file final.cif (mmCIF, C-alpha atoms)
data_target
loop_
_atom_site.group_PDB
_atom_site.id
_atom_site.type_symbol
_atom_site.label_atom_id
_atom_site.label_comp_id
_atom_site.auth_asym_id
_atom_site.auth_seq_id
_atom_site.Cartn_x
_atom_site.Cartn_y
_atom_site.Cartn_z
ATOM 1 C CA MET N 118 123.234 -89.541 -31.166
ATOM 2 C CA LEU N 119 124.907 -86.185 -31.568
ATOM 3 C CA THR N 120 125.380 -85.116 -35.150
ATOM 4 C CA LEU N 121 126.570 -81.943 -36.791
ATOM 5 C CA GLU N 122 123.044 -81.357 -38.067
ATOM 6 C CA SER N 123 121.557 -81.590 -34.565
ATOM 7 C CA VAL N 124 124.111 -79.055 -33.304
ATOM 8 C CA ARG N 125 123.175 -76.724 -36.183
ATOM 9 C CA GLN N 126 119.486 -77.078 -35.360
ATOM 10 C CA GLN N 127 120.112 -76.267 -31.700
ATOM 11 C CA LEU N 128 122.231 -73.245 -32.642
ATOM 12 C CA ALA N 129 119.523 -72.043 -35.039
ATOM 13 C CA HIS N 130 116.995 -72.389 -32.214
ATOM 14 C CA VAL N 131 119.193 -70.308 -29.918
ATOM 15 C CA LEU N 132 119.469 -67.600 -32.589
ATOM 16 C CA HIS N 133 115.659 -67.384 -32.922
ATOM 17 C CA LEU N 134 114.931 -66.770 -29.250
ATOM 18 C CA LYS N 135 112.810 -63.788 -28.253
ATOM 19 C CA GLU N 136 115.459 -62.664 -25.777
ATOM 20 C CA THR N 137 117.836 -59.811 -26.406
ATOM 21 C CA PRO N 138 121.145 -60.696 -28.061
ATOM 22 C CA HIS N 139 122.873 -59.652 -24.825
ATOM 23 C CA ARG N 140 120.998 -62.155 -22.633
ATOM 24 C CA THR N 141 121.371 -65.013 -25.107
ATOM 25 C CA ALA N 142 125.083 -64.312 -25.615
ATOM 26 C CA LEU N 143 125.542 -64.010 -21.852
ATOM 27 C CA ALA N 144 123.885 -67.394 -21.290
ATOM 28 C CA PHE N 145 126.089 -68.930 -23.989
ATOM 29 C CA ALA N 146 129.240 -67.382 -22.468
ATOM 30 C CA ILE N 147 128.345 -68.707 -19.015
ATOM 31 C CA GLY N 148 127.874 -72.118 -20.623
ATOM 32 C CA VAL N 149 131.373 -71.847 -22.111
ATOM 33 C CA PHE N 150 132.699 -70.917 -18.669
ATOM 34 C CA ILE N 151 131.061 -74.028 -17.236
ATOM 35 C CA ALA N 152 132.557 -76.145 -20.040
ATOM 36 C CA PHE N 153 136.103 -75.238 -19.000
ATOM 37 C CA ALA N 154 135.479 -75.095 -15.243
ATOM 38 C CA PRO N 155 137.284 -77.791 -13.237
ATOM 39 C CA HIS N 156 134.223 -79.162 -11.468
ATOM 40 C CA TYR N 157 133.795 -82.175 -13.706
ATOM 41 C CA LEU N 158 130.756 -84.396 -13.159
ATOM 42 C CA PHE N 159 128.758 -81.290 -12.147
ATOM 43 C CA HIS N 160 128.624 -79.384 -15.438
ATOM 44 C CA THR N 161 125.012 -80.291 -16.238
ATOM 45 C CA ALA N 162 123.930 -79.467 -12.706
ATOM 46 C CA SER N 163 125.693 -76.116 -13.047
ATOM 47 C CA VAL N 164 123.830 -75.389 -16.280
ATOM 48 C CA VAL N 165 120.472 -76.176 -14.671
ATOM 49 C CA PHE N 166 121.324 -74.138 -11.572
ATOM 50 C CA CYS N 167 122.504 -71.083 -13.555
ATOM 51 C CA ALA N 168 119.442 -71.201 -15.806
ATOM 52 C CA TRP N 169 117.211 -71.321 -12.751
ATOM 53 C CA ALA N 170 119.077 -68.902 -10.468
ATOM 54 C CA PHE N 171 119.778 -66.208 -13.057
ATOM 55 C CA ARG N 172 116.715 -66.892 -15.242
ATOM 56 C CA LEU N 173 118.914 -67.409 -18.272
ATOM 57 C CA ASN N 174 118.046 -69.448 -21.304
ATOM 58 C CA TYR N 175 118.697 -73.109 -20.597
ATOM 59 C CA LEU N 176 119.339 -74.001 -24.230
ATOM 60 C CA ALA N 177 121.921 -71.247 -24.746
ATOM 61 C CA LEU N 178 123.676 -72.298 -21.529
ATOM 62 C CA PHE N 179 123.616 -75.949 -22.530
ATOM 63 C CA VAL N 180 124.932 -75.298 -26.049
ATOM 64 C CA GLY N 181 127.789 -73.234 -24.589
ATOM 65 C CA SER N 182 128.648 -75.921 -22.062
ATOM 66 C CA PHE N 183 128.640 -78.556 -24.775
ATOM 67 C CA ILE N 184 132.016 -77.289 -25.963
ATOM 68 C CA ASN N 185 133.249 -79.811 -23.420
ATOM 69 C CA ASN N 186 132.143 -83.171 -24.754
ATOM 70 C CA PRO N 187 133.699 -86.633 -25.124
ATOM 71 C CA TRP N 188 135.677 -85.533 -28.198
ATOM 72 C CA THR N 189 137.099 -82.376 -26.602
ATOM 73 C CA LEU N 190 137.572 -83.618 -23.032
ATOM 74 C CA ALA N 191 141.184 -84.770 -23.368
ATOM 75 C CA PRO N 192 142.391 -81.595 -25.139
ATOM 76 C CA ILE N 193 140.605 -79.411 -22.585
ATOM 77 C CA LEU N 194 142.119 -81.351 -19.667
ATOM 78 C CA ALA N 195 145.585 -81.156 -21.224
ATOM 79 C CA ALA N 196 145.246 -77.443 -22.029
ATOM 80 C CA SER N 197 144.053 -76.753 -18.477
ATOM 81 C CA LEU N 198 147.051 -78.497 -16.927
ATOM 82 C CA TYR N 199 149.493 -76.946 -19.408
ATOM 83 C CA THR N 200 148.094 -73.453 -18.773
ATOM 84 C CA GLY N 201 148.282 -73.917 -15.013
ATOM 85 C CA LEU N 202 151.865 -75.170 -15.158
ATOM 86 C CA LEU N 203 152.789 -72.289 -17.465
ATOM 87 C CA LEU N 204 151.179 -69.671 -15.213
ATOM 88 C CA GLY N 205 152.789 -71.208 -12.135
ATOM 89 C CA GLY N 206 156.222 -71.150 -13.716
ATOM 90 C CA GLU N 207 156.562 -74.874 -13.209
ATOM 91 C CA SER N 208 158.194 -77.393 -15.494
ATOM 92 C CA LEU N 209 156.008 -78.264 -18.451
ATOM 93 C CA SER N 210 157.282 -81.817 -18.569
ATOM 94 C CA ILE N 211 155.057 -84.170 -16.640
ATOM 95 C CA GLU N 212 156.422 -87.449 -15.439
ATOM 96 C CA ILE N 213 153.717 -89.798 -14.260
ATOM 97 C CA GLU N 214 154.629 -93.398 -13.603
ATOM 98 C CA TRP N 215 151.594 -94.942 -15.274
ATOM 99 C CA ASP N 216 152.694 -98.464 -14.309
ATOM 100 C CA HIS N 217 152.428 -97.547 -10.637
ATOM 101 C CA LEU N 218 149.123 -95.691 -10.919
ATOM 102 C CA THR N 219 146.461 -97.541 -8.951
ATOM 103 C CA MET N 220 143.467 -96.416 -6.958
ATOM 104 C CA ASP N 221 145.654 -96.466 -3.839
ATOM 105 C CA THR N 222 148.475 -94.380 -5.331
ATOM 106 C CA MET N 223 146.425 -92.091 -7.578
ATOM 107 C CA PHE N 224 146.186 -89.195 -5.129
ATOM 108 C CA ASP N 225 149.890 -89.256 -4.267
ATOM 109 C CA ILE N 226 150.948 -89.367 -7.926
ATOM 110 C CA LEU N 227 148.485 -86.774 -9.268
ATOM 111 C CA SER N 228 148.211 -84.352 -6.319
ATOM 112 C CA PRO N 229 151.187 -82.180 -7.396
ATOM 113 C CA TYR N 230 149.215 -81.330 -10.539
ATOM 114 C CA LEU N 231 145.888 -80.510 -8.855
ATOM 115 C CA ILE N 232 146.478 -76.808 -8.141
ATOM 116 C CA PRO N 233 148.022 -76.087 -11.570
ATOM 117 C CA PHE N 234 145.096 -77.904 -13.186
ATOM 118 C CA VAL N 235 142.479 -75.886 -11.270
ATOM 119 C CA VAL N 236 144.291 -72.595 -11.974
ATOM 120 C CA GLY N 237 144.604 -73.455 -15.661
ATOM 121 C CA ALA N 238 140.989 -74.576 -15.965
ATOM 122 C CA CYS N 239 139.701 -71.405 -14.300
ATOM 123 C CA THR N 240 141.926 -69.260 -16.503
ATOM 124 C CA LEU N 241 140.698 -70.976 -19.664
ATOM 125 C CA ALA N 242 137.104 -70.704 -18.431
ATOM 126 C CA ILE N 243 137.431 -66.937 -18.033
ATOM 127 C CA ILE N 244 139.216 -66.473 -21.360
ATOM 128 C CA GLY N 245 136.789 -68.758 -23.185
ATOM 129 C CA SER N 246 133.721 -66.960 -21.865
ATOM 130 C CA LEU N 247 135.210 -63.530 -22.604
ATOM 131 C CA ILE N 248 135.827 -64.616 -26.194
ATOM 132 C CA ALA N 249 132.467 -66.393 -26.573
ATOM 133 C CA TYR N 250 130.284 -63.466 -25.487
ATOM 134 C CA PRO N 251 131.150 -60.916 -28.198
ATOM 135 C CA ILE N 252 131.284 -63.569 -30.911
ATOM 136 C CA MET N 253 127.860 -64.938 -30.010
ATOM 137 C CA ARG N 254 126.347 -61.480 -29.576
ATOM 138 C CA TRP N 255 127.665 -60.457 -32.984
ATOM 139 C CA ALA N 256 126.392 -63.690 -34.568
ATOM 140 C CA ILE N 257 122.916 -63.316 -33.070
ATOM 141 C CA THR N 258 122.645 -59.642 -34.028
ATOM 142 C CA ARG N 259 123.861 -60.312 -37.552
ATOM 143 C CA TYR N 260 121.619 -63.346 -37.994
ATOM 144 C CA ARG N 261 118.530 -61.510 -36.781
ATOM 145 C CA GLY N 262 119.385 -58.505 -38.940
ATOM 146 C CA LEU N 263 119.660 -60.694 -42.042
ATOM 147 C CA LYS N 264 116.359 -62.420 -41.252
ATOM 148 C CA HIS N 265 114.518 -59.070 -41.005
ATOM 149 C CA SER N 266 116.040 -57.619 -44.175
#
call {"tool": "encode", "arguments": {"input": "final.cif", "output": "structure tokens"}}
result
Amino acid sequence: MLTLESVRQQLAHVLHLKETPHRTALAFAIGVFIAFAPHYLFHTASVVFCAWAFRLNYLALFVGSFINNPWTLAPILAASLYTGLLLGGESLSIEIEWDHLTMDTMFDILSPYLIPFVVGACTLAIIGSLIAYPIMRWAITRYRGLKHS
């Protein structure tokens, strides 16, 4: 079970790595990008692939991608759609007839929101990773500096 203490332990492990702060922060930022990316059901596979293909730290990638978890999924999905609708200049009010939503009608009812959702998710992924990198690099550098003092 995921607890706050286990997250702290994982973060402490990431901060102790023998990699440069740049590479660890980069891996974390890519993980954050993956967390917001719209390719749901493939996030873990993306983490494994990026760690392998770019020889980045798996743990830093995984911790970054874990921003998207069962407790944050709904807010991230909503923020992605809202951002996409806002960027597209579309109406921010969504009217979905939930009573008529079935497996047969799902595509027809939700398809008008697919492109705004993808645009919003990609935008948030870029912004999130651009914010995560300097914060994590600063945190790692500061933490390592305090440990050596």
call {"tool": "residues_around", "arguments": {"input": "final.cif", "residues": "His139 of chain N", "least_positions_apart": "3", "cutoff": "8 Å", "atoms": "all atoms listed in the file", "output": "compact mmCIF listing (two decimals) with C-alpha atoms, in the frame of the given file"}}
result
# COMPACT_ATOMS: atom_id res chain seq x y z
CA ALA N 142 125.08 -64.31 -25.62
CA LEU N 143 125.54 -64.01 -21.85
CA ARG N 254 126.35 -61.48 -29.58
call {"tool": "residues_near_point", "arguments": {"input": "final.cif", "point": "(122.2, -68.6, -21.4)", "cutoff": "12 Å", "atoms": "all atoms listed in the file", "output": "VMD selection string"}}
result
chain N and resid 131 to 132 134 136 to 151 163 to 182 246 249 to 250 253 to 254
call {"tool": "residues_near_point", "arguments": {"input": "final.cif", "point": "(136.0, -74.1, -14.0)", "cutoff": "12 Å", "atoms": "only C-alpha atoms", "output": "PDB file with C-alpha atoms, in the frame of the given file"}}
result
ATOM      1  CA  ILE N 147     128.345 -68.707 -19.015  1.00  0.00           C
ATOM      2  CA  GLY N 148     127.874 -72.118 -20.623  1.00  0.00           C
ATOM      3  CA  VAL N 149     131.373 -71.847 -22.111  1.00  0.00           C
ATOM      4  CA  PHE N 150     132.699 -70.917 -18.669  1.00  0.00           C
ATOM      5  CA  ILE N 151     131.061 -74.028 -17.236  1.00  0.00           C
ATOM      6  CA  ALA N 152     132.557 -76.145 -20.040  1.00  0.00           C
ATOM      7  CA  PHE N 153     136.103 -75.238 -19.000  1.00  0.00           C
ATOM      8  CA  ALA N 154     135.479 -75.095 -15.243  1.00  0.00           C
ATOM      9  CA  PRO N 155     137.284 -77.791 -13.237  1.00  0.00           C
ATOM     10  CA  HIS N 156     134.223 -79.162 -11.468  1.00  0.00           C
ATOM     11  CA  TYR N 157     133.795 -82.175 -13.706  1.00  0.00           C
ATOM     12  CA  LEU N 158     130.756 -84.396 -13.159  1.00  0.00           C
ATOM     13  CA  PHE N 159     128.758 -81.290 -12.147  1.00  0.00           C
ATOM     14  CA  HIS N 160     128.624 -79.384 -15.438  1.00  0.00           C
ATOM     15  CA  SER N 163     125.693 -76.116 -13.047  1.00  0.00           C
ATOM     16  CA  SER N 182     128.648 -75.921 -22.062  1.00  0.00           C
ATOM     17  CA  ASN N 185     133.249 -79.811 -23.420  1.00  0.00           C
ATOM     18  CA  ILE N 193     140.605 -79.411 -22.585  1.00  0.00           C
ATOM     19  CA  LEU N 194     142.119 -81.351 -19.667  1.00  0.00           C
ATOM     20  CA  SER N 197     144.053 -76.753 -18.477  1.00  0.00           C
ATOM     21  CA  PHE N 234     145.096 -77.904 -13.186  1.00  0.00           C
ATOM     22  CA  VAL N 235     142.479 -75.886 -11.270  1.00  0.00           C
ATOM     23  CA  VAL N 236     144.291 -72.595 -11.974  1.00  0.00           C
ATOM     24  CA  GLY N 237     144.604 -73.455 -15.661  1.00  0.00           C
ATOM     25  CA  ALA N 238     140.989 -74.576 -15.965  1.00  0.00           C
ATOM     26  CA  CYS N 239     139.701 -71.405 -14.300  1.00  0.00           C
ATOM     27  CA  THR N 240     141.926 -69.260 -16.503  1.00  0.00           C
ATOM     28  CA  LEU N 241     140.698 -70.976 -19.664  1.00  0.00           C
ATOM     29  CA  ALA N 242     137.104 -70.704 -18.431  1.00  0.00           C
ATOM     30  CA  ILE N 243     137.431 -66.937 -18.033  1.00  0.00           C
ATOM     31  CA  ILE N 244     139.216 -66.473 -21.360  1.00  0.00           C
ATOM     32  CA  GLY N 245     136.789 -68.758 -23.185  1.00  0.00           C
ATOM     33  CA  SER N 246     133.721 -66.960 -21.865  1.00  0.00           C
TER      34      SER N 246
END
call {"tool": "axis_aligned_box", "arguments": {"input": "final.cif", "around": "segment 143-153 of chain N", "padding_each_side": "6 Å", "output": "AutoDock Vina command-line options"}}
result
--center_x 130.0 --center_y -70.1 --center_z -20.6 --size_x 24.2 --size_y 24.1 --size_z 18.8
call {"tool": "atom_distance", "arguments": {"input": "final.cif", "atom1": "atom CA of Pro187 of chain N", "atom2": "atom CA of Thr120 of chain N"}}
result
13.1 Å
call {"tool": "residues_around", "arguments": {"input": "final.cif", "residues": "Leu209 of chain N", "least_positions_apart": "2", "cutoff": "12 Å", "atoms": "only C-alpha atoms", "output": "PyMOL selection string"}}
result
chain N and resi 195-196+198-207+211-212+230+233
call {"tool": "atom_distance", "arguments": {"input": "final.cif", "atom1": "atom CA of Glu122 of chain N", "atom2": "atom CA of Tyr260 of chain N"}}
result
18.1 Å
call {"tool": "closest_residue", "arguments": {"input": "final.cif", "among": "N:Ile184, N:Ser210, N:Lys135, N:Ser123", "to": "Ile257 of chain N", "atoms": "all atoms listed in the file"}}
result
N:Lys135
call {"tool": "atom_distance", "arguments": {"input": "final.cif", "atom1": "atom CA of Trp255 of chain N", "atom2": "atom CA of Leu190 of chain N"}}
result
27.1 Å
call {"tool": "decode", "arguments": {"input": "final.cif", "residues": "segment 235-259 of chain N", "atoms": "N, CA and C atoms", "output": "compact mmCIF listing (two decimals), in the first residue's frame"}}
result
# COMPACT_ATOMS: atom_id res chain seq x y z
N VAL N 235 -6.71 15.94 -25.70
CA VAL N 235 -5.34 15.62 -26.08
C VAL N 235 -4.48 16.89 -26.08
N VAL N 236 -5.00 17.97 -26.64
CA VAL N 236 -4.26 19.24 -26.66
C VAL N 236 -4.00 19.72 -25.22
N GLY N 237 -5.00 19.66 -24.39
CA GLY N 237 -4.84 20.09 -23.00
C GLY N 237 -3.86 19.21 -22.24
N ALA N 238 -3.95 17.91 -22.43
CA ALA N 238 -3.05 16.98 -21.74
C ALA N 238 -1.60 17.21 -22.17
N CYS N 239 -1.39 17.39 -23.46
CA CYS N 239 -0.02 17.64 -23.94
C CYS N 239 0.51 18.98 -23.43
N THR N 240 -0.35 19.98 -23.39
CA THR N 240 0.06 21.28 -22.86
C THR N 240 0.44 21.17 -21.40
N LEU N 241 -0.38 20.52 -20.60
CA LEU N 241 -0.07 20.35 -19.18
C LEU N 241 1.17 19.48 -18.98
N ALA N 242 1.39 18.51 -19.86
CA ALA N 242 2.59 17.67 -19.76
C ALA N 242 3.85 18.51 -19.97
N ILE N 243 3.82 19.37 -20.96
CA ILE N 243 4.98 20.23 -21.23
C ILE N 243 5.20 21.21 -20.08
N ILE N 244 4.14 21.87 -19.65
CA ILE N 244 4.26 22.84 -18.55
C ILE N 244 4.72 22.14 -17.27
N GLY N 245 4.12 21.00 -16.96
CA GLY N 245 4.50 20.28 -15.75
C GLY N 245 5.95 19.86 -15.74
N SER N 246 6.44 19.36 -16.87
CA SER N 246 7.84 18.93 -16.92
C SER N 246 8.79 20.12 -16.88
N LEU N 247 8.41 21.24 -17.49
CA LEU N 247 9.25 22.44 -17.44
C LEU N 247 9.32 23.03 -16.04
N ILE N 248 8.28 22.85 -15.27
CA ILE N 248 8.29 23.31 -13.87
C ILE N 248 9.03 22.31 -12.99
N ALA N 249 8.85 21.02 -13.25
CA ALA N 249 9.44 19.98 -12.41
C ALA N 249 10.96 19.95 -12.49
N TYR N 250 11.52 20.17 -13.67
CA TYR N 250 12.97 20.05 -13.83
C TYR N 250 13.75 21.01 -12.92
N PRO N 251 13.52 22.31 -13.00
CA PRO N 251 14.34 23.19 -12.14
C PRO N 251 14.08 22.99 -10.65
N ILE N 252 12.85 22.66 -10.29
CA ILE N 252 12.56 22.43 -8.87
C ILE N 252 13.31 21.20 -8.37
N MET N 253 13.27 20.12 -9.14
CA MET N 253 13.96 18.90 -8.71
C MET N 253 15.47 19.08 -8.75
N ARG N 254 15.98 19.76 -9.74
CA ARG N 254 17.43 20.00 -9.79
C ARG N 254 17.88 20.82 -8.60
N TRP N 255 17.13 21.85 -8.28
CA TRP N 255 17.45 22.67 -7.10
C TRP N 255 17.39 21.83 -5.83
N ALA N 256 16.34 21.02 -5.69
CA ALA N 256 16.18 20.20 -4.48
C ALA N 256 17.32 19.20 -4.33
N ILE N 257 17.71 18.56 -5.42
CA ILE N 257 18.80 17.59 -5.36
C ILE N 257 20.12 18.28 -5.01
N THR N 258 20.41 19.38 -5.68
CA THR N 258 21.64 20.12 -5.42
C THR N 258 21.69 20.61 -3.98
N ARG N 259 20.60 21.15 -3.52
CA ARG N 259 20.54 21.65 -2.13
C ARG N 259 20.68 20.51 -1.14
